[in-house]
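Below: entry.cif (mmCIF, C-alpha atoms)
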data_query
loop_
_atom_site.group_PDB
_atom_site.id
_atom_site.type_symbol
_atom_site.label_atom_id
_atom_site.label_comp_id
_atom_site.auth_asym_id
_atom_site.auth_seq_id
_atom_site.Cartn_x
_atom_site.Cartn_y
_atom_site.Cartn_z
ATOM 1 C CA MET A 151 75.801 47.397 136.823
ATOM 2 C CA CYS A 152 72.991 47.574 139.340
ATOM 3 C CA ASP A 153 73.325 45.476 142.487
ATOM 4 C CA THR A 154 69.815 44.783 143.736
ATOM 5 C CA GLY A 155 70.944 41.811 145.819
ATOM 6 C CA TYR A 156 68.258 39.807 144.045
ATOM 7 C CA SER A 157 68.851 36.055 143.545
ATOM 8 C CA VAL A 158 67.175 32.958 142.122
ATOM 9 C CA LYS A 159 66.314 31.983 145.709
ATOM 10 C CA ARG A 160 64.639 35.349 146.275
ATOM 11 C CA LEU A 161 62.731 35.055 142.984
ATOM 12 C CA VAL A 162 61.402 31.666 144.083
ATOM 13 C CA GLU A 163 60.321 33.078 147.458
ATOM 14 C CA ASP A 164 58.563 35.989 145.749
ATOM 15 C CA LEU A 165 56.829 33.719 143.222
ATOM 16 C CA ARG A 166 55.603 31.438 146.005
ATOM 17 C CA GLU A 167 54.171 34.471 147.785
ATOM 18 C CA LEU A 168 52.557 35.801 144.585
ATOM 19 C CA LYS A 169 50.951 32.432 143.814
ATOM 20 C CA GLY A 170 49.735 32.189 147.406
ATOM 21 C CA ARG A 171 47.740 35.399 147.033
ATOM 22 C CA GLY A 172 45.380 33.653 144.601
ATOM 23 C CA GLU A 173 45.150 36.666 142.301
ATOM 24 C CA PRO A 174 44.068 36.297 138.678
ATOM 25 C CA GLU A 175 46.771 35.047 136.331
ATOM 26 C CA ALA A 176 47.156 38.441 134.611
ATOM 27 C CA ALA A 177 47.978 40.165 137.920
ATOM 28 C CA LEU A 178 50.399 37.409 138.883
ATOM 29 C CA LEU A 179 52.166 37.701 135.516
ATOM 30 C CA GLU A 180 52.557 41.453 135.826
ATOM 31 C CA ALA A 181 54.083 41.195 139.303
ATOM 32 C CA ALA A 182 56.248 38.181 138.383
ATOM 33 C CA ARG A 183 57.590 40.002 135.320
ATOM 34 C CA ASP A 184 58.924 42.765 137.580
ATOM 35 C CA ARG A 185 60.651 40.186 139.806
ATOM 36 C CA VAL A 186 62.260 38.533 136.772
ATOM 37 C CA LYS A 187 63.566 41.941 135.695
ATOM 38 C CA SER A 188 65.262 42.290 139.099
ATOM 39 C CA LEU A 189 66.885 38.886 138.621
ATOM 40 C CA LEU A 190 68.194 39.843 135.175
ATOM 41 C CA LEU A 191 69.958 42.839 136.687
ATOM 42 C CA MET A 192 71.913 40.363 138.805
ATOM 43 C CA LYS A 193 72.737 37.803 136.096
ATOM 44 C CA HIS A 194 76.447 38.384 136.697
ATOM 45 C CA ASN A 195 75.947 36.666 140.090
ATOM 46 C CA TRP A 196 74.115 33.526 138.936
ATOM 47 C CA LEU A 197 74.473 32.967 135.166
ATOM 48 C CA ARG A 198 77.318 30.493 134.634
ATOM 49 C CA SER A 199 79.221 29.941 131.375
ATOM 50 C CA SER A 200 78.084 26.288 131.451
ATOM 51 C CA MET A 201 74.490 27.527 131.089
ATOM 52 C CA CYS A 202 75.419 29.287 127.854
ATOM 53 C CA LYS A 203 76.036 25.958 126.142
ATOM 54 C CA PRO A 204 73.139 24.456 124.146
ATOM 55 C CA GLY A 205 70.510 22.787 126.296
ATOM 56 C CA ILE A 206 68.051 23.303 129.125
ATOM 57 C CA HIS A 207 69.665 24.148 132.457
ATOM 58 C CA GLN A 208 67.447 23.891 135.540
ATOM 59 C CA LEU A 209 67.823 26.604 138.175
ATOM 60 C CA HIS A 210 64.873 25.570 140.350
ATOM 61 C CA GLU A 211 61.794 23.366 140.458
ATOM 62 C CA GLU A 212 59.465 22.819 143.381
ATOM 63 C CA PRO A 213 58.894 19.201 144.540
ATOM 64 C CA ASP A 214 55.366 19.371 143.077
ATOM 65 C CA HIS A 215 56.907 20.575 139.751
ATOM 66 C CA SER A 216 55.578 24.106 140.105
ATOM 67 C CA LEU A 217 57.675 27.256 139.766
ATOM 68 C CA ALA A 218 60.116 25.720 137.345
ATOM 69 C CA ILE A 219 62.976 28.017 136.293
ATOM 70 C CA TYR A 220 65.427 27.240 133.507
ATOM 71 C CA VAL A 221 68.112 28.818 131.376
ATOM 72 C CA VAL A 222 67.512 27.673 127.796
ATOM 73 C CA THR A 223 70.301 27.967 125.231
ATOM 74 C CA TRP A 224 69.446 27.409 121.563
ATOM 75 C CA GLU A 225 71.813 26.628 118.698
ATOM 76 C CA PRO A 226 71.526 28.811 115.590
ATOM 77 C CA GLY A 227 68.693 27.561 113.387
ATOM 78 C CA GLU A 228 66.854 25.602 116.102
ATOM 79 C CA GLU A 229 63.112 26.102 116.262
ATOM 80 C CA THR A 230 60.034 24.655 117.875
ATOM 81 C CA THR A 231 56.641 23.864 116.438
ATOM 82 C CA PRO A 232 53.762 26.029 117.669
ATOM 83 C CA HIS A 233 52.725 24.905 121.154
ATOM 84 C CA ASN A 234 51.248 26.082 124.408
ATOM 85 C CA HIS A 235 52.657 25.267 127.829
ATOM 86 C CA GLY A 236 49.457 24.645 129.761
ATOM 87 C CA THR A 237 50.788 27.103 132.352
ATOM 88 C CA TRP A 238 51.850 30.733 132.540
ATOM 89 C CA THR A 239 55.319 31.507 131.290
ATOM 90 C CA ILE A 240 57.818 34.353 131.413
ATOM 91 C CA ILE A 241 60.702 34.422 128.929
ATOM 92 C CA ALA A 242 63.551 36.910 129.288
ATOM 93 C CA GLY A 243 66.566 37.416 127.049
ATOM 94 C CA LEU A 244 69.969 36.837 128.662
ATOM 95 C CA ASP A 245 72.357 36.745 125.687
ATOM 96 C CA GLY A 246 71.990 36.844 121.913
ATOM 97 C CA TRP A 247 68.509 36.871 120.421
ATOM 98 C CA GLU A 248 65.796 34.686 118.937
ATOM 99 C CA THR A 249 62.391 35.253 117.388
ATOM 100 C CA GLN A 250 59.202 34.278 119.113
ATOM 101 C CA HIS A 251 56.084 33.829 117.013
ATOM 102 C CA ARG A 252 52.608 34.098 118.515
ATOM 103 C CA TRP A 253 49.857 32.004 116.998
ATOM 104 C CA LYS A 254 46.073 31.879 117.178
ATOM 105 C CA LEU A 255 43.649 29.122 116.342
ATOM 106 C CA GLU A 256 42.731 28.946 112.680
ATOM 107 C CA PRO A 257 39.549 30.989 112.085
ATOM 108 C CA ARG A 258 37.707 28.056 110.456
ATOM 109 C CA GLN A 259 38.055 26.109 113.704
ATOM 110 C CA ILE A 260 40.114 23.274 112.196
ATOM 111 C CA PRO A 261 41.357 21.322 115.253
ATOM 112 C CA ASN A 262 44.980 21.996 116.251
ATOM 113 C CA VAL A 263 45.613 24.286 113.253
ATOM 114 C CA VAL A 264 46.979 27.779 113.894
ATOM 115 C CA VAL A 265 47.875 30.923 111.970
ATOM 116 C CA ARG A 266 50.719 33.259 112.870
ATOM 117 C CA GLU A 267 49.503 36.371 114.621
ATOM 118 C CA SER A 268 52.750 38.235 115.345
ATOM 119 C CA SER A 269 56.506 37.910 115.800
ATOM 120 C CA GLN A 270 58.795 39.477 118.370
ATOM 121 C CA ARG A 271 62.541 39.508 118.828
ATOM 122 C CA ILE A 272 63.605 38.267 122.261
ATOM 123 C CA ASP A 273 66.911 39.884 123.238
ATOM 124 C CA THR A 274 68.565 41.188 126.399
ATOM 125 C CA ALA A 275 66.080 44.066 126.556
ATOM 126 C CA THR A 276 63.004 41.826 126.322
ATOM 127 C CA ILE A 277 60.838 40.145 128.950
ATOM 128 C CA ILE A 278 57.562 38.624 127.782
ATOM 129 C CA ALA A 279 54.764 37.088 129.802
ATOM 130 C CA MET A 280 52.314 34.547 128.390
ATOM 131 C CA ASP A 281 49.155 33.236 129.966
ATOM 132 C CA SER A 282 48.350 29.532 130.157
ATOM 133 C CA ASP A 283 46.522 29.503 126.819
ATOM 134 C CA ALA A 284 49.140 31.371 124.765
ATOM 135 C CA ILE A 285 50.364 29.547 121.662
ATOM 136 C CA HIS A 286 53.889 30.333 120.521
ATOM 137 C CA SER A 287 56.964 28.997 118.786
ATOM 138 C CA VAL A 288 60.614 29.943 119.053
ATOM 139 C CA HIS A 289 63.169 30.205 116.256
ATOM 140 C CA ASN A 290 66.816 31.046 116.795
ATOM 141 C CA ASP A 291 67.313 32.807 113.497
ATOM 142 C CA SER A 292 70.143 34.964 114.860
ATOM 143 C CA GLY A 293 73.089 32.956 113.523
ATOM 144 C CA ALA A 294 74.551 32.637 117.061
ATOM 145 C CA LEU A 295 73.576 31.050 120.375
ATOM 146 C CA SER A 296 70.549 32.543 122.106
ATOM 147 C CA VAL A 297 70.168 32.309 125.876
ATOM 148 C CA THR A 298 66.914 32.951 127.741
ATOM 149 C CA LEU A 299 65.546 32.657 131.252
ATOM 150 C CA ASN A 300 62.279 30.696 131.234
ATOM 151 C CA VAL A 301 60.001 30.793 134.275
ATOM 152 C CA TYR A 302 56.947 28.514 134.369
ATOM 153 C CA GLY A 303 54.049 28.337 136.797
ATOM 154 C CA MET A 304 54.399 24.544 136.396
ATOM 155 C CA ASN A 305 57.026 22.446 134.623
ATOM 156 C CA PRO A 306 55.439 21.928 131.159
ATOM 157 C CA ASP A 307 56.329 18.227 131.345
ATOM 158 C CA PHE A 308 53.603 18.000 134.012
ATOM 159 C CA THR A 309 50.883 20.014 132.248
ATOM 160 C CA GLU A 310 48.500 19.226 129.424
ATOM 161 C CA TRP A 311 50.445 21.258 126.870
ATOM 162 C CA ARG A 312 49.679 20.816 123.177
ATOM 163 C CA ARG A 313 51.430 21.103 119.833
ATOM 164 C CA PHE A 314 49.727 22.804 116.915
ATOM 165 C CA VAL A 315 50.097 22.713 113.134
ATOM 166 C CA PRO A 316 50.643 25.940 111.152
ATOM 167 C CA ALA A 317 47.822 26.406 108.620
ATOM 168 C CA ALA A 318 50.363 26.456 105.754
ATOM 169 C CA GLN A 319 51.413 22.891 106.687
ATOM 170 C CA ALA A 320 47.953 21.509 107.469
ATOM 171 C CA THR A 321 46.323 18.870 105.300
ATOM 172 C CA PRO A 322 42.981 20.172 104.062
ATOM 173 C CA PRO A 323 39.988 18.348 105.559
ATOM 174 C CA PRO A 324 38.366 15.731 103.281
ATOM 175 C CA ARG A 325 35.340 16.847 101.325
#
Would you mind giving the structure from this file in structure tokens?
Amino acid sequence: MCDTGYSVKRLVEDLRELKGRGEPEAALLEAARDRVKSLLLMKHNWLRSSMCKPGIHQLHEEPDHSLAIYVVTWEPGEETTPHNHGTWTIIAGLDGWETQHRWKLEPRQIPNVVVRESSQRIDTATIIAMDSDAIHSVHNDSGALSVTLNVYGMNPDFTEWRRFVPAAQATPPPR
């Protein structure tokens, strides 16, 4: 066990400072990812058993709804439709695992229709960063609870996030 002394409070302070620099989103994500890794090393100090029960457990949110941090625990079999968050996002595995699918807009430019681009297992060794335009979905196909740390540049409830339809489920356009 590594004791970095890092805490949720310190992560918030560091994220505020990183956002204040005004760097491009890609640079912010790279630096923020490293800070999240430091927090994961200290999960024994802040992750509570109550957070490992299904649901969304808020750790922090700024008064203006920015820098929202949650622990998200999924039941086996739960999944989301493809969506974006309208803000940058970092997802890190805390316990168990789930599969994240990345999507891209359908090549024929059919509005809101996407095709799967890739899939990645999110487990305790995984931290992913997504820019504001990234489209993804999550599926807990592990057969057990999956627990992740989700860090958002802005609470998605206060962004213009969108849901998308997988091409396999889309109704063909009329002729």
So how far away is atom CA of Thr298 of chain A from atom CA of Ile241 of chain A, in Å?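 Separation between atom CA of Ile241 of chain A and atom CA of Thr298 of chain A: 6.5 Å.
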Neighbours of segment 221-237 of chain A within 8 Å (all atoms listed in the file; same-chain residues fewer than 4 positions away dropped), as a PDB file with C-alpha atoms, in the coordinates of the input?
ATOM      1  CA  MET A 201      74.490  27.527 131.089  1.00  0.00           C
ATOM      2  CA  CYS A 202      75.419  29.287 127.854  1.00  0.00           C
ATOM      3  CA  LYS A 203      76.036  25.958 126.142  1.00  0.00           C
ATOM      4  CA  PRO A 204      73.139  24.456 124.146  1.00  0.00           C
ATOM      5  CA  GLY A 205      70.510  22.787 126.296  1.00  0.00           C
ATOM      6  CA  ILE A 206      68.051  23.303 129.125  1.00  0.00           C
ATOM      7  CA  HIS A 207      69.665  24.148 132.457  1.00  0.00           C
ATOM      8  CA  GLN A 208      67.447  23.891 135.540  1.00  0.00           C
ATOM      9  CA  LEU A 209      67.823  26.604 138.175  1.00  0.00           C
ATOM     10  CA  TRP A 253      49.857  32.004 116.998  1.00  0.00           C
ATOM     11  CA  VAL A 264      46.979  27.779 113.894  1.00  0.00           C
ATOM     12  CA  ASP A 281      49.155  33.236 129.966  1.00  0.00           C
ATOM     13  CA  SER A 282      48.350  29.532 130.157  1.00  0.00           C
ATOM     14  CA  ASP A 283      46.522  29.503 126.819  1.00  0.00           C
ATOM     15  CA  ALA A 284      49.140  31.371 124.765  1.00  0.00           C
ATOM     16  CA  ILE A 285      50.364  29.547 121.662  1.00  0.00           C
ATOM     17  CA  HIS A 286      53.889  30.333 120.521  1.00  0.00           C
ATOM     18  CA  SER A 287      56.964  28.997 118.786  1.00  0.00           C
ATOM     19  CA  VAL A 288      60.614  29.943 119.053  1.00  0.00           C
ATOM     20  CA  HIS A 289      63.169  30.205 116.256  1.00  0.00           C
ATOM     21  CA  ASN A 290      66.816  31.046 116.795  1.00  0.00           C
ATOM     22  CA  ASP A 291      67.313  32.807 113.497  1.00  0.00           C
ATOM     23  CA  SER A 292      70.143  34.964 114.860  1.00  0.00           C
ATOM     24  CA  GLY A 293      73.089  32.956 113.523  1.00  0.00           C
ATOM     25  CA  ALA A 294      74.551  32.637 117.061  1.00  0.00           C
ATOM     26  CA  LEU A 295      73.576  31.050 120.375  1.00  0.00           C
ATOM     27  CA  SER A 296      70.549  32.543 122.106  1.00  0.00           C
ATOM     28  CA  VAL A 297      70.168  32.309 125.876  1.00  0.00           C
ATOM     29  CA  THR A 298      66.914  32.951 127.741  1.00  0.00           C
ATOM     30  CA  LEU A 299      65.546  32.657 131.252  1.00  0.00           C
ATOM     31  CA  ASN A 300      62.279  30.696 131.234  1.00  0.00           C
ATOM     32  CA  TYR A 302      56.947  28.514 134.369  1.00  0.00           C
ATOM     33  CA  GLY A 303      54.049  28.337 136.797  1.00  0.00           C
ATOM     34  CA  MET A 304      54.399  24.544 136.396  1.00  0.00           C
ATOM     35  CA  PRO A 306      55.439  21.928 131.159  1.00  0.00           C
ATOM     36  CA  THR A 309      50.883  20.014 132.248  1.00  0.00           C
ATOM     37  CA  GLU A 310      48.500  19.226 129.424  1.00  0.00           C
ATOM     38  CA  TRP A 311      50.445  21.258 126.870  1.00  0.00           C
ATOM     39  CA  ARG A 312      49.679  20.816 123.177  1.00  0.00           C
ATOM     40  CA  ARG A 313      51.430  21.103 119.833  1.00  0.00           C
ATOM     41  CA  PHE A 314      49.727  22.804 116.915  1.00  0.00           C
ATOM     42  CA  VAL A 315      50.097  22.713 113.134  1.00  0.00           C
ATOM     43  CA  PRO A 316      50.643  25.940 111.152  1.00  0.00           C
TER      44      PRO A 316
END
Determine the residue set returned by the PyMOL selection byres ((chain A and resi 183) around 10) for the present structure, and present it as a PyMOL selection string. chain A and resi 177-182+184-189+239-242+277-279+301
What gap, in Å, lies between atom CA of Arg160 of chain A and atom CA of Arg198 of chain A?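 Calculated distance between atom CA of Arg160 of chain A and atom CA of Arg198 of chain A is 17.9 Å.
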Would you place a box with edges along x, y and z of the file around all atoms of segment 181-198 of chain A listed there, add 4 Å to each of its six sides, and report the centre and edge lengths in Å to one decimal, as lines of an AutoDock Vina configuration file?
center_x = 65.7
center_y = 36.7
center_z = 137.4
size_x = 31.2
size_y = 20.3
size_z = 13.5
Top pick for closest residue to Glu267 of chain A, considering A:Phe308, A:Ala317, A:Leu161, A:Trp196 and counting only C-alpha atoms: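 For Glu267 of chain A, the nearest of the candidates is A:Ala317.
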Quick one: pull the distance between atom CA of Trp247 of chain A and atom CA of Val158 of chain A, Å, one decimal.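 Result for atom CA of Trp247 of chain A versus atom CA of Val158 of chain A: 22.1 Å, one decimal.
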Closest of A:His210, A:Arg271, A:His251, A:His194 to Leu165 of chain A - atom-to-atom distances counting all atoms listed in the file: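 Closest to Leu165 of chain A of all the choices is A:His210.
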In the coordinates of the file, take the point (56.7, 41.6, 119.4) and a cut-off of 9 Å; then, counting all atoms listed in the file, name each qualifying protein, DNA or RNA residue as a PyMOL selection string. chain A and resi 249-252+268-272+278
So, with all atoms listed in the file as the atoms that count, which of A:Leu217, A:Leu197, A:Ala320, A:Met192 lies closest to Lys169 of chain A?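 For Lys169 of chain A, the nearest of the given residues is A:Leu217.
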